[in-house]
file run32.pdb (PDB, C-alpha atoms)
ATOM      1  CA  MET U  42      66.109 110.898  69.611
ATOM      2  CA  ILE U  43      62.329 111.280  69.822
ATOM      3  CA  GLU U  44      61.027 112.336  66.400
ATOM      4  CA  SER U  45      58.425 114.742  67.815
ATOM      5  CA  GLN U  46      61.102 116.742  69.675
ATOM      6  CA  ARG U  47      61.443 120.179  68.074
ATOM      7  CA  HIS U  48      64.467 121.464  70.002
ATOM      8  CA  SER U  49      68.102 120.410  70.355
ATOM      9  CA  TYR U  50      68.142 120.104  74.141
ATOM     10  CA  HIS U  51      67.968 117.015  76.306
ATOM     11  CA  LEU U  52      65.219 116.970  78.942
ATOM     12  CA  VAL U  53      66.448 114.249  81.280
ATOM     13  CA  TYR U  54      64.144 111.730  82.887
ATOM     14  CA  PRO U  55      63.697 111.695  86.690
ATOM     15  CA  SER U  56      66.747 110.058  88.276
ATOM     16  CA  PRO U  57      67.428 108.715  91.795
ATOM     17  CA  TRP U  58      71.156 109.438  91.603
ATOM     18  CA  PRO U  59      71.190 113.080  92.837
ATOM     19  CA  ILE U  60      69.474 112.160  96.103
ATOM     20  CA  SER U  61      71.528 108.985  96.520
ATOM     21  CA  GLY U  62      74.734 110.958  95.923
ATOM     22  CA  SER U  63      73.655 113.504  98.517
ATOM     23  CA  LEU U  64      72.959 110.779 101.070
ATOM     24  CA  GLY U  65      76.324 109.164 100.311
ATOM     25  CA  ALA U  66      78.118 112.499 100.766
ATOM     26  CA  LEU U  67      76.269 113.105 104.048
ATOM     27  CA  ALA U  68      77.183 109.657 105.377
ATOM     28  CA  THR U  69      80.809 110.128 104.300
ATOM     29  CA  THR U  70      81.063 113.513 106.015
ATOM     30  CA  ILE U  71      79.455 112.415 109.285
ATOM     31  CA  GLY U  72      81.362 109.124 109.265
ATOM     32  CA  GLY U  73      84.645 110.930 108.633
ATOM     33  CA  VAL U  74      84.099 113.293 111.550
ATOM     34  CA  MET U  75      83.087 110.428 113.830
ATOM     35  CA  TYR U  76      86.118 108.397 112.777
ATOM     36  CA  MET U  77      88.567 111.274 113.358
ATOM     37  CA  HIS U  78      87.106 111.827 116.841
ATOM     38  CA  SER U  79      87.207 108.072 117.643
ATOM     39  CA  PHE U  80      83.428 107.635 117.923
ATOM     40  CA  GLN U  81      82.153 104.094 117.748
ATOM     41  CA  GLY U  82      80.802 103.201 114.307
ATOM     42  CA  GLY U  83      82.574 106.075 112.594
ATOM     43  CA  ALA U  84      84.719 103.845 110.400
ATOM     44  CA  THR U  85      81.698 101.768 109.379
ATOM     45  CA  LEU U  86      79.626 104.815 108.433
ATOM     46  CA  LEU U  87      82.559 106.325 106.546
ATOM     47  CA  SER U  88      83.089 103.109 104.573
ATOM     48  CA  LEU U  89      79.397 102.787 103.743
ATOM     49  CA  GLY U  90      79.253 106.422 102.635
ATOM     50  CA  LEU U  91      82.266 106.013 100.338
ATOM     51  CA  ILE U  92      80.856 102.801  98.834
ATOM     52  CA  PHE U  93      77.514 104.515  98.261
ATOM     53  CA  LEU U  94      79.253 107.486  96.621
ATOM     54  CA  LEU U  95      81.332 105.295  94.310
ATOM     55  CA  TYR U  96      78.270 103.277  93.317
ATOM     56  CA  THR U  97      76.281 106.439  92.603
ATOM     57  CA  MET U  98      79.114 107.869  90.501
ATOM     58  CA  SER U  99      79.443 104.692  88.444
ATOM     59  CA  VAL U 100      75.739 104.258  87.669
ATOM     60  CA  TRP U 101      75.203 107.989  87.049
ATOM     61  CA  TRP U 102      78.075 108.107  84.563
ATOM     62  CA  ARG U 103      76.743 104.884  83.021
ATOM     63  CA  ASP U 104      73.421 106.628  82.383
ATOM     64  CA  VAL U 105      75.137 109.691  80.910
ATOM     65  CA  LEU U 106      77.213 107.532  78.562
ATOM     66  CA  ARG U 107      74.119 105.636  77.451
ATOM     67  CA  GLU U 108      72.175 108.836  76.820
ATOM     68  CA  SER U 109      75.029 110.424  74.861
ATOM     69  CA  THR U 110      76.547 107.499  72.975
ATOM     70  CA  LEU U 111      73.693 105.064  72.391
ATOM     71  CA  GLU U 112      70.574 107.229  72.488
ATOM     72  CA  GLY U 113      72.036 110.303  70.773
ATOM     73  CA  HIS U 114      70.654 112.880  73.186
ATOM     74  CA  HIS U 115      73.859 114.920  73.374
ATOM     75  CA  THR U 116      73.538 117.320  70.463
ATOM     76  CA  LYS U 117      75.985 120.179  69.893
ATOM     77  CA  ALA U 118      73.867 122.423  72.113
ATOM     78  CA  VAL U 119      73.829 119.837  74.913
ATOM     79  CA  GLN U 120      77.596 119.296  74.661
ATOM     80  CA  LEU U 121      78.188 122.938  75.608
ATOM     81  CA  GLY U 122      76.988 122.228  79.156
ATOM     82  CA  PRO U 123      79.625 119.566  79.986
ATOM     83  CA  ARG U 124      82.303 121.686  78.299
ATOM     84  CA  TYR U 125      81.502 124.776  80.367
ATOM     85  CA  GLY U 126      81.167 122.649  83.489
ATOM     86  CA  SER U 127      84.601 121.102  82.906
ATOM     87  CA  ILE U 128      86.192 124.524  82.439
ATOM     88  CA  LEU U 129      84.631 125.894  85.637
ATOM     89  CA  PHE U 130      85.689 122.785  87.553
ATOM     90  CA  ILE U 131      89.286 123.188  86.379
ATOM     91  CA  VAL U 132      89.218 126.870  87.399
ATOM     92  CA  SER U 133      88.078 125.847  90.895
ATOM     93  CA  GLU U 134      90.916 123.295  91.052
ATOM     94  CA  VAL U 135      93.407 126.013  90.085
ATOM     95  CA  MET U 136      92.235 128.094  93.054
ATOM     96  CA  PHE U 137      92.391 125.045  95.332
ATOM     97  CA  LEU U 138      96.022 124.213  94.514
ATOM     98  CA  PHE U 139      97.032 127.878  94.392
ATOM     99  CA  ALA U 140      96.105 128.162  98.082
ATOM    100  CA  PHE U 141      98.675 125.505  99.034
ATOM    101  CA  PHE U 142     101.400 126.931  96.799
ATOM    102  CA  TRP U 143     100.755 130.391  98.229
ATOM    103  CA  ALA U 144     100.983 129.035 101.778
ATOM    104  CA  SER U 145     104.406 127.602 100.996
ATOM    105  CA  SER U 146     105.605 130.765  99.225
ATOM    106  CA  HIS U 147     104.321 133.025 102.005
ATOM    107  CA  SER U 148     106.019 130.929 104.703
ATOM    108  CA  SER U 149     109.324 130.866 102.812
ATOM    109  CA  LEU U 150     109.359 134.584 101.949
ATOM    110  CA  ALA U 151     108.477 135.686 105.481
ATOM    111  CA  PRO U 152     109.551 132.973 107.948
ATOM    112  CA  THR U 153     108.289 133.702 111.448
ATOM    113  CA  VAL U 154     110.288 133.813 114.642
ATOM    114  CA  GLU U 155     108.666 130.569 115.794
ATOM    115  CA  ILE U 156     110.652 128.645 113.162
ATOM    116  CA  GLY U 157     113.851 130.621 113.731
ATOM    117  CA  GLY U 158     113.308 133.260 111.064
ATOM    118  CA  ILE U 159     114.896 131.066 108.374
ATOM    119  CA  TRP U 160     113.591 128.800 105.601
ATOM    120  CA  PRO U 161     113.662 125.847 105.631
ATOM    121  CA  PRO U 162     113.293 125.805 109.424
ATOM    122  CA  LYS U 163     116.398 124.825 111.328
ATOM    123  CA  GLY U 164     116.783 121.067 111.653
ATOM    124  CA  ILE U 165     114.429 120.241 108.764
ATOM    125  CA  GLY U 166     115.931 118.182 105.947
ATOM    126  CA  VAL U 167     114.856 118.896 102.357
ATOM    127  CA  LEU U 168     115.014 117.013  99.076
ATOM    128  CA  ASP U 169     117.624 117.981  96.516
ATOM    129  CA  PRO U 170     115.550 119.661  93.756
ATOM    130  CA  TRP U 171     118.103 118.678  91.085
ATOM    131  CA  GLU U 172     117.643 114.933  91.548
ATOM    132  CA  ILE U 173     114.258 113.140  91.368
ATOM    133  CA  PRO U 174     112.145 116.357  91.401
ATOM    134  CA  LEU U 175     113.995 117.700  88.345
ATOM    135  CA  LEU U 176     113.778 114.317  86.605
ATOM    136  CA  ASN U 177     110.039 114.090  87.303
ATOM    137  CA  THR U 178     109.147 117.632  86.199
ATOM    138  CA  PRO U 179     109.405 117.256  82.365
ATOM    139  CA  ILE U 180     107.507 113.950  82.345
ATOM    140  CA  LEU U 181     104.037 115.448  82.795
ATOM    141  CA  PRO U 182     104.439 118.172  80.130
ATOM    142  CA  SER U 183     105.708 115.430  77.797
ATOM    143  CA  SER U 184     102.571 113.418  78.505
ATOM    144  CA  GLY U 185     100.597 116.566  77.670
ATOM    145  CA  ALA U 186     102.111 116.437  74.190
ATOM    146  CA  ALA U 187     101.056 112.789  73.921
ATOM    147  CA  VAL U 188      97.440 113.518  74.884
ATOM    148  CA  THR U 189      97.376 116.319  72.291
ATOM    149  CA  TRP U 190      98.589 113.774  69.739
ATOM    150  CA  ASP U 191      95.710 111.538  70.826
ATOM    151  CA  HIS U 192      93.201 114.357  70.343
ATOM    152  CA  HIS U 193      94.422 115.130  66.835
ATOM    153  CA  ALA U 194      94.329 111.427  65.979
ATOM    154  CA  ILE U 195      90.674 111.261  67.056
ATOM    155  CA  LEU U 196      89.828 114.312  64.941
ATOM    156  CA  ALA U 197      91.586 112.699  61.965
ATOM    157  CA  GLY U 198      89.727 109.413  62.485
ATOM    158  CA  LYS U 199      92.949 107.432  63.051
ATOM    159  CA  GLU U 200      91.848 105.058  65.798
ATOM    160  CA  LYS U 201      95.075 103.040  66.141
ATOM    161  CA  ARG U 202      97.226 106.152  66.497
ATOM    162  CA  ALA U 203      94.802 107.500  69.062
ATOM    163  CA  VAL U 204      95.145 104.320  71.117
ATOM    164  CA  TYR U 205      98.964 104.438  70.882
ATOM    165  CA  ALA U 206      98.999 108.066  72.003
ATOM    166  CA  LEU U 207      96.727 107.363  74.962
ATOM    167  CA  VAL U 208      98.870 104.403  76.023
ATOM    168  CA  ALA U 209     101.920 106.688  75.908
ATOM    169  CA  THR U 210     100.114 109.314  78.002
ATOM    170  CA  VAL U 211      99.022 106.852  80.678
ATOM    171  CA  SER U 212     102.481 105.233  80.757
ATOM    172  CA  LEU U 213     104.147 108.585  81.393
ATOM    173  CA  ALA U 214     101.550 109.336  84.074
ATOM    174  CA  LEU U 215     102.338 106.085  85.879
ATOM    175  CA  VAL U 216     106.067 106.809  85.687
ATOM    176  CA  SER U 217     105.489 110.261  87.182
ATOM    177  CA  THR U 218     103.412 108.819  90.025
ATOM    178  CA  GLY U 219     106.134 106.240  90.675
ATOM    179  CA  PHE U 220     108.787 108.961  90.880
ATOM    180  CA  GLN U 221     106.678 110.919  93.346
ATOM    181  CA  GLY U 222     106.370 107.799  95.459
ATOM    182  CA  MET U 223     110.170 107.560  95.430
ATOM    183  CA  GLU U 224     110.355 111.212  96.502
ATOM    184  CA  TYR U 225     108.166 110.544  99.501
ATOM    185  CA  TYR U 226     110.097 107.383 100.391
ATOM    186  CA  GLN U 227     113.388 109.297 100.369
ATOM    187  CA  ALA U 228     112.054 112.503 101.940
ATOM    188  CA  PRO U 229     114.099 113.448 105.023
ATOM    189  CA  SER U 230     111.084 115.164 106.620
ATOM    190  CA  ALA U 231     107.475 114.291 107.439
ATOM    191  CA  ILE U 232     104.157 116.140 107.266
ATOM    192  CA  SER U 233     104.398 116.839 111.013
ATOM    193  CA  ASP U 234     107.760 118.629 110.657
ATOM    194  CA  SER U 235     106.853 122.272 111.119
ATOM    195  CA  ILE U 236     105.151 124.440 108.497
ATOM    196  CA  TYR U 237     107.624 123.193 105.880
ATOM    197  CA  GLY U 238     106.444 119.592 106.131
ATOM    198  CA  SER U 239     102.791 120.622 106.190
ATOM    199  CA  THR U 240     102.962 122.795 103.075
ATOM    200  CA  PHE U 241     105.323 120.467 101.196
ATOM    201  CA  PHE U 242     103.289 117.304 101.597
ATOM    202  CA  LEU U 243      99.897 119.003 101.224
ATOM    203  CA  ALA U 244     100.829 120.828  98.010
ATOM    204  CA  THR U 245     102.744 117.999  96.343
ATOM    205  CA  GLY U 246     100.399 115.341  97.720
ATOM    206  CA  PHE U 247      97.238 116.986  96.426
ATOM    207  CA  HIS U 248      98.873 117.538  93.054
ATOM    208  CA  GLY U 249      99.867 113.873  92.969
ATOM    209  CA  PHE U 250      96.305 112.919  93.889
ATOM    210  CA  HIS U 251      95.028 114.993  90.969
ATOM    211  CA  VAL U 252      97.476 113.180  88.689
ATOM    212  CA  ILE U 253      96.092 109.818  89.845
ATOM    213  CA  ILE U 254      92.471 110.896  89.324
ATOM    214  CA  SER U 255      93.308 112.283  85.895
ATOM    215  CA  THR U 256      95.102 109.042  85.000
ATOM    216  CA  LEU U 257      91.973 107.057  85.880
ATOM    217  CA  PHE U 258      89.964 109.518  83.776
ATOM    218  CA  LEU U 259      92.240 108.840  80.784
ATOM    219  CA  ILE U 260      92.061 105.067  81.313
ATOM    220  CA  VAL U 261      88.259 105.224  81.172
ATOM    221  CA  CYS U 262      88.561 107.269  77.965
ATOM    222  CA  GLY U 263      90.879 104.589  76.613
ATOM    223  CA  ILE U 264      88.277 101.900  77.294
ATOM    224  CA  ARG U 265      85.613 104.000  75.574
ATOM    225  CA  GLN U 266      87.982 104.598  72.682
ATOM    226  CA  TYR U 267      88.508 100.852  72.331
ATOM    227  CA  LEU U 268      84.729 100.313  72.353
ATOM    228  CA  GLY U 269      84.275 102.883  69.582
ATOM    229  CA  HIS U 270      82.471 105.513  71.668
ATOM    230  CA  LEU U 271      84.727 108.391  70.609
ATOM    231  CA  THR U 272      84.212 109.852  67.134
ATOM    232  CA  LYS U 273      85.335 112.973  65.282
ATOM    233  CA  LYS U 274      82.229 114.906  66.298
ATOM    234  CA  HIS U 275      81.469 113.257  69.629
ATOM    235  CA  HIS U 276      84.285 113.062  72.177
ATOM    236  CA  VAL U 277      83.389 115.564  74.895
ATOM    237  CA  GLY U 278      84.435 113.128  77.634
ATOM    238  CA  PHE U 279      87.898 112.838  76.153
ATOM    239  CA  GLU U 280      88.153 116.615  75.742
ATOM    240  CA  ALA U 281      87.361 117.068  79.432
ATOM    241  CA  ALA U 282      90.022 114.480  80.343
ATOM    242  CA  ALA U 283      92.578 116.169  78.049
ATOM    243  CA  TRP U 284      91.882 119.617  79.513
ATOM    244  CA  TYR U 285      92.197 118.253  83.017
ATOM    245  CA  TRP U 286      95.449 116.525  82.094
ATOM    246  CA  HIS U 287      96.903 119.728  80.655
ATOM    247  CA  PHE U 288      95.961 121.403  83.939
ATOM    248  CA  VAL U 289      97.865 118.866  86.067
ATOM    249  CA  ASP U 290     100.918 118.762  83.792
ATOM    250  CA  VAL U 291     101.299 122.572  83.708
ATOM    251  CA  VAL U 292     100.712 122.869  87.461
ATOM    252  CA  ARG U 293     103.708 120.570  88.033
ATOM    253  CA  LEU U 294     106.010 123.472  87.123
ATOM    254  CA  PHE U 295     104.751 125.573  90.050
ATOM    255  CA  PRO U 296     105.628 123.180  92.919
ATOM    256  CA  PHE U 297     109.053 122.585  91.377
ATOM    257  CA  VAL U 298     109.838 126.311  91.398
ATOM    258  CA  SER U 299     108.037 127.417  94.567
ATOM    259  CA  ILE U 300     108.516 124.343  96.773
ATOM    260  CA  TYR U 301     111.370 122.122  95.577
ATOM    261  CA  TRP U 302     113.740 124.808  94.299
ATOM    262  CA  TRP U 303     112.853 128.046  96.122
ATOM    263  CA  GLY U 304     111.726 126.261  99.266
ATOM    264  CA  GLY U 305     114.948 124.285  99.455
ATOM    265  CA  ILE U 306     117.363 127.182  99.049
TER
END

call {"tool": "encode", "arguments": {"input": "run32.pdb", "output": "structure tokens"}}
result
Amino acid sequence: MIESQRHSYHLVYPSPWPISGSLGALATTIGGVMYMHSFQGGATLLSLGLIFLLYTMSVWWRDVLRESTLEGHHTKAVQLGPRYGSILFIVSEVMFLFAFFWASSHSSLAPTVEIGGIWPPKGIGVLDPWEIPLLNTPILPSSGAAVTWDHHAILAGKEKRAVYALVATVSLALVSTGFQGMEYYQAPSAISDSIYGSTFFLATGFHGFHVIISTLFLIVCGIRQYLGHLTKKHHVGFEAAAWYWHFVDVVRLFPFVSIYWWGGI
């Protein structure tokens, strides 16, 4: 850090990434709307917007990692910001997924006359909750135990054990994603099959998407761990990934109860 600095905060240098991210998000939004309404050039604009967003994310995170790991700007006071931001982001994700689970619960508890007054609607096939869904449910909480093992290994300075624990976590995550793919392959209904199909595939699909994103998050942490970026006193990125992973593994219990089991009665 700069020797003349008399405070523990990081005053960042001017960066082009906020404006480039905004432009990428704008292009993605407009391109997505144009594509869904079959306007010419919509797919091209959507693709360019997504590429621009991914590039902005990668170089912005690269700068943050350089500032924190190599330049030492992330003091204890600075680390509070990412921690609070991660917590608030997870809270917003809880509300997001709760909306889909509530939609399914509401529709099953008070089925309307349009679907025959019964749940699941007449003629809609459902998955047996005691087969693949039951088998897949304990996998994510088990991976949560593995990521906790990884965290304690980092705090104890045991790098090899930390790597083994993270490999176990990611392996369980991939198995869980594979099982969900099997669920969808064997599903007797589709997303267009009444309110049941809409709520089932939206709730379980978005949860599965969160699992995939969190798995990528953990893989990046594994690469940083291998490169020696994570230490006893400096591993905020891993903490954010671990918190997010605990969020997705606990949330798995809710779709099993409210959608697979209760929704299939």

call {"tool": "closest_residue", "arguments": {"input": "run32.pdb", "among": "U:Phe258, U:Lys273, U:Glu155, U:Val135", "to": "Trp102 in chain U", "atoms": "all atoms listed in the file"}}
result
U:Phe258

call {"tool": "resolve_selection", "arguments": {"input": "run32.pdb", "expression": "the PyMOL selection byres ((chain U and resi 171) around 12)", "output": "JSON, numbers by chain"}}
result
{"U": [167, 168, 169, 170, 172, 173, 174, 175, 176, 177, 178, 297, 298, 301, 302, 303, 305, 306]}

call {"tool": "residues_around", "arguments": {"input": "run32.pdb", "residues": "range 120-122 of chain U", "least_positions_apart": "3", "cutoff": "12 Å", "atoms": "all atoms listed in the file", "output": "list in words"}}
result
Ser49, Tyr50, His51, Val105, Glu108, Ser109, Thr110, Gly113, His114, His115, Thr116, Lys117, Tyr125, Gly126, Ser127, Ile128, Leu129, Lys274, His275, His276, Val277, Gly278, Glu280 and Ala281 of chain U

call {"tool": "residues_around", "arguments": {"input": "run32.pdb", "residues": "Ile236 in chain U", "least_positions_apart": "3", "cutoff": "8 Å", "atoms": "only C-alpha atoms", "output": "ChimeraX atom specification"}}
result
/U:148,239-240

call {"tool": "resolve_selection", "arguments": {"input": "run32.pdb", "expression": "the PyMOL selection byres ((chain U and resi 238) around 12)", "output": "ChimeraX atom specification"}}
result
/U:144-145,148,160-162,164-168,225,228-237,239-246,300-301,304-305

call {"tool": "atom_distance", "arguments": {"input": "run32.pdb", "atom1": "CA of Ser184 in chain U", "atom2": "CA of Thr210 in chain U"}}
result
4.8 Å

call {"tool": "atom_distance", "arguments": {"input": "run32.pdb", "atom1": "CA of Ala187 in chain U", "atom2": "CA of Thr218 in chain U"}}
result
16.8 Å

call {"tool": "resolve_selection", "arguments": {"input": "run32.pdb", "expression": "the PyMOL selection byres ((chain U and resi 60-66) around 9)", "output": "PDB file with C-alpha atoms, in the coordinates of the input"}}
result
ATOM      1  CA  SER U  56      66.747 110.058  88.276  1.00  0.00           C
ATOM      2  CA  PRO U  57      67.428 108.715  91.795  1.00  0.00           C
ATOM      3  CA  TRP U  58      71.156 109.438  91.603  1.00  0.00           C
ATOM      4  CA  PRO U  59      71.190 113.080  92.837  1.00  0.00           C
ATOM      5  CA  LEU U  67      76.269 113.105 104.048  1.00  0.00           C
ATOM      6  CA  ALA U  68      77.183 109.657 105.377  1.00  0.00           C
ATOM      7  CA  THR U  69      80.809 110.128 104.300  1.00  0.00           C
ATOM      8  CA  THR U  70      81.063 113.513 106.015  1.00  0.00           C
ATOM      9  CA  ILE U  71      79.455 112.415 109.285  1.00  0.00           C
ATOM     10  CA  LEU U  89      79.397 102.787 103.743  1.00  0.00           C
ATOM     11  CA  GLY U  90      79.253 106.422 102.635  1.00  0.00           C
ATOM     12  CA  LEU U  91      82.266 106.013 100.338  1.00  0.00           C
ATOM     13  CA  ILE U  92      80.856 102.801  98.834  1.00  0.00           C
ATOM     14  CA  PHE U  93      77.514 104.515  98.261  1.00  0.00           C
ATOM     15  CA  LEU U  94      79.253 107.486  96.621  1.00  0.00           C
ATOM     16  CA  LEU U  95      81.332 105.295  94.310  1.00  0.00           C
ATOM     17  CA  TYR U  96      78.270 103.277  93.317  1.00  0.00           C
ATOM     18  CA  THR U  97      76.281 106.439  92.603  1.00  0.00           C
ATOM     19  CA  MET U  98      79.114 107.869  90.501  1.00  0.00           C
TER      20      MET U  98
END

call {"tool": "closest_residue", "arguments": {"input": "run32.pdb", "among": "U:Ser217, U:Arg202, U:His251, U:Val289", "to": "Tyr267 in chain U", "atoms": "only C-alpha atoms"}}
result
U:Arg202

call {"tool": "atom_distance", "arguments": {"input": "run32.pdb", "atom1": "CA of Met223 in chain U", "atom2": "CA of Val252 in chain U"}}
result
15.4 Å

call {"tool": "closest_residue", "arguments": {"input": "run32.pdb", "among": "U:Gly219, U:Phe130, U:Tyr226, U:Ser299", "to": "Tyr285 in chain U", "atoms": "all atoms listed in the file"}}
result
U:Phe130

call {"tool": "closest_residue", "arguments": {"input": "run32.pdb", "among": "U:Val292, U:Val208, U:Cys262, U:Leu271", "to": "Gly249 in chain U", "atoms": "only C-alpha atoms"}}
result
U:Val292

call {"tool": "closest_residue", "arguments": {"input": "run32.pdb", "among": "U:Leu207, U:Pro182, U:Asp104, U:Ile253", "to": "Pro55 in chain U", "atoms": "all atoms listed in the file"}}
result
U:Asp104

call {"tool": "closest_residue", "arguments": {"input": "run32.pdb", "among": "U:His248, U:Val119, U:Ile180, U:Ala186", "to": "Leu52 in chain U", "atoms": "all atoms listed in the file"}}
result
U:Val119

call {"tool": "decode", "arguments": {"input": "run32.pdb", "residues": "range 286-297 of chain U", "atoms": "N, CA, C and O atoms", "output": "tab-separated table (two decimals), in the first residue's frame"}}
result
chain	number	residue	atom	x	y	z
U	286	TRP	N	-22.80	-21.29	-1.28
U	286	TRP	CA	-23.02	-22.73	-1.42
U	286	TRP	C	-23.92	-23.25	-0.32
U	286	TRP	O	-24.79	-24.10	-0.57
U	287	HIS	N	-23.75	-22.77	0.90
U	287	HIS	CA	-24.65	-23.17	1.98
U	287	HIS	C	-26.08	-22.74	1.67
U	287	HIS	O	-27.04	-23.45	2.01
U	288	PHE	N	-26.24	-21.60	1.03
U	288	PHE	CA	-27.56	-21.13	0.63
U	288	PHE	C	-28.21	-22.12	-0.35
U	288	PHE	O	-29.35	-22.55	-0.14
U	289	VAL	N	-27.48	-22.53	-1.39
U	289	VAL	CA	-28.09	-23.41	-2.39
U	289	VAL	C	-28.30	-24.82	-1.84
U	289	VAL	O	-29.27	-25.50	-2.24
U	290	ASP	N	-27.42	-25.28	-0.92
U	290	ASP	CA	-27.64	-26.65	-0.43
U	290	ASP	C	-28.81	-26.71	0.57
U	290	ASP	O	-29.55	-27.69	0.60
U	291	VAL	N	-29.02	-25.66	1.37
U	291	VAL	CA	-30.17	-25.65	2.28
U	291	VAL	C	-31.47	-25.47	1.51
U	291	VAL	O	-32.50	-26.09	1.82
U	292	VAL	N	-31.44	-24.63	0.48
U	292	VAL	CA	-32.65	-24.35	-0.30
U	292	VAL	C	-33.17	-25.62	-0.97
U	292	VAL	O	-34.37	-25.76	-1.22
U	293	ARG	N	-32.28	-26.58	-1.24
U	293	ARG	CA	-32.69	-27.82	-1.90
U	293	ARG	C	-33.79	-28.54	-1.11
U	293	ARG	O	-34.65	-29.23	-1.68
U	294	LEU	N	-33.81	-28.39	0.20
U	294	LEU	CA	-34.81	-29.06	1.03
U	294	LEU	C	-36.22	-28.53	0.75
U	294	LEU	O	-37.19	-29.28	0.85
U	295	PHE	N	-36.32	-27.25	0.40
U	295	PHE	CA	-37.64	-26.64	0.19
U	295	PHE	C	-38.33	-27.16	-1.07
U	295	PHE	O	-39.53	-27.51	-1.00
U	296	PRO	N	-37.66	-27.23	-2.24
U	296	PRO	CA	-38.36	-27.80	-3.40
U	296	PRO	C	-38.71	-29.26	-3.21
U	296	PRO	O	-39.73	-29.73	-3.73
U	297	PHE	N	-37.89	-30.01	-2.45
U	297	PHE	CA	-38.24	-31.42	-2.25
U	297	PHE	C	-39.55	-31.55	-1.49
U	297	PHE	O	-40.42	-32.35	-1.85
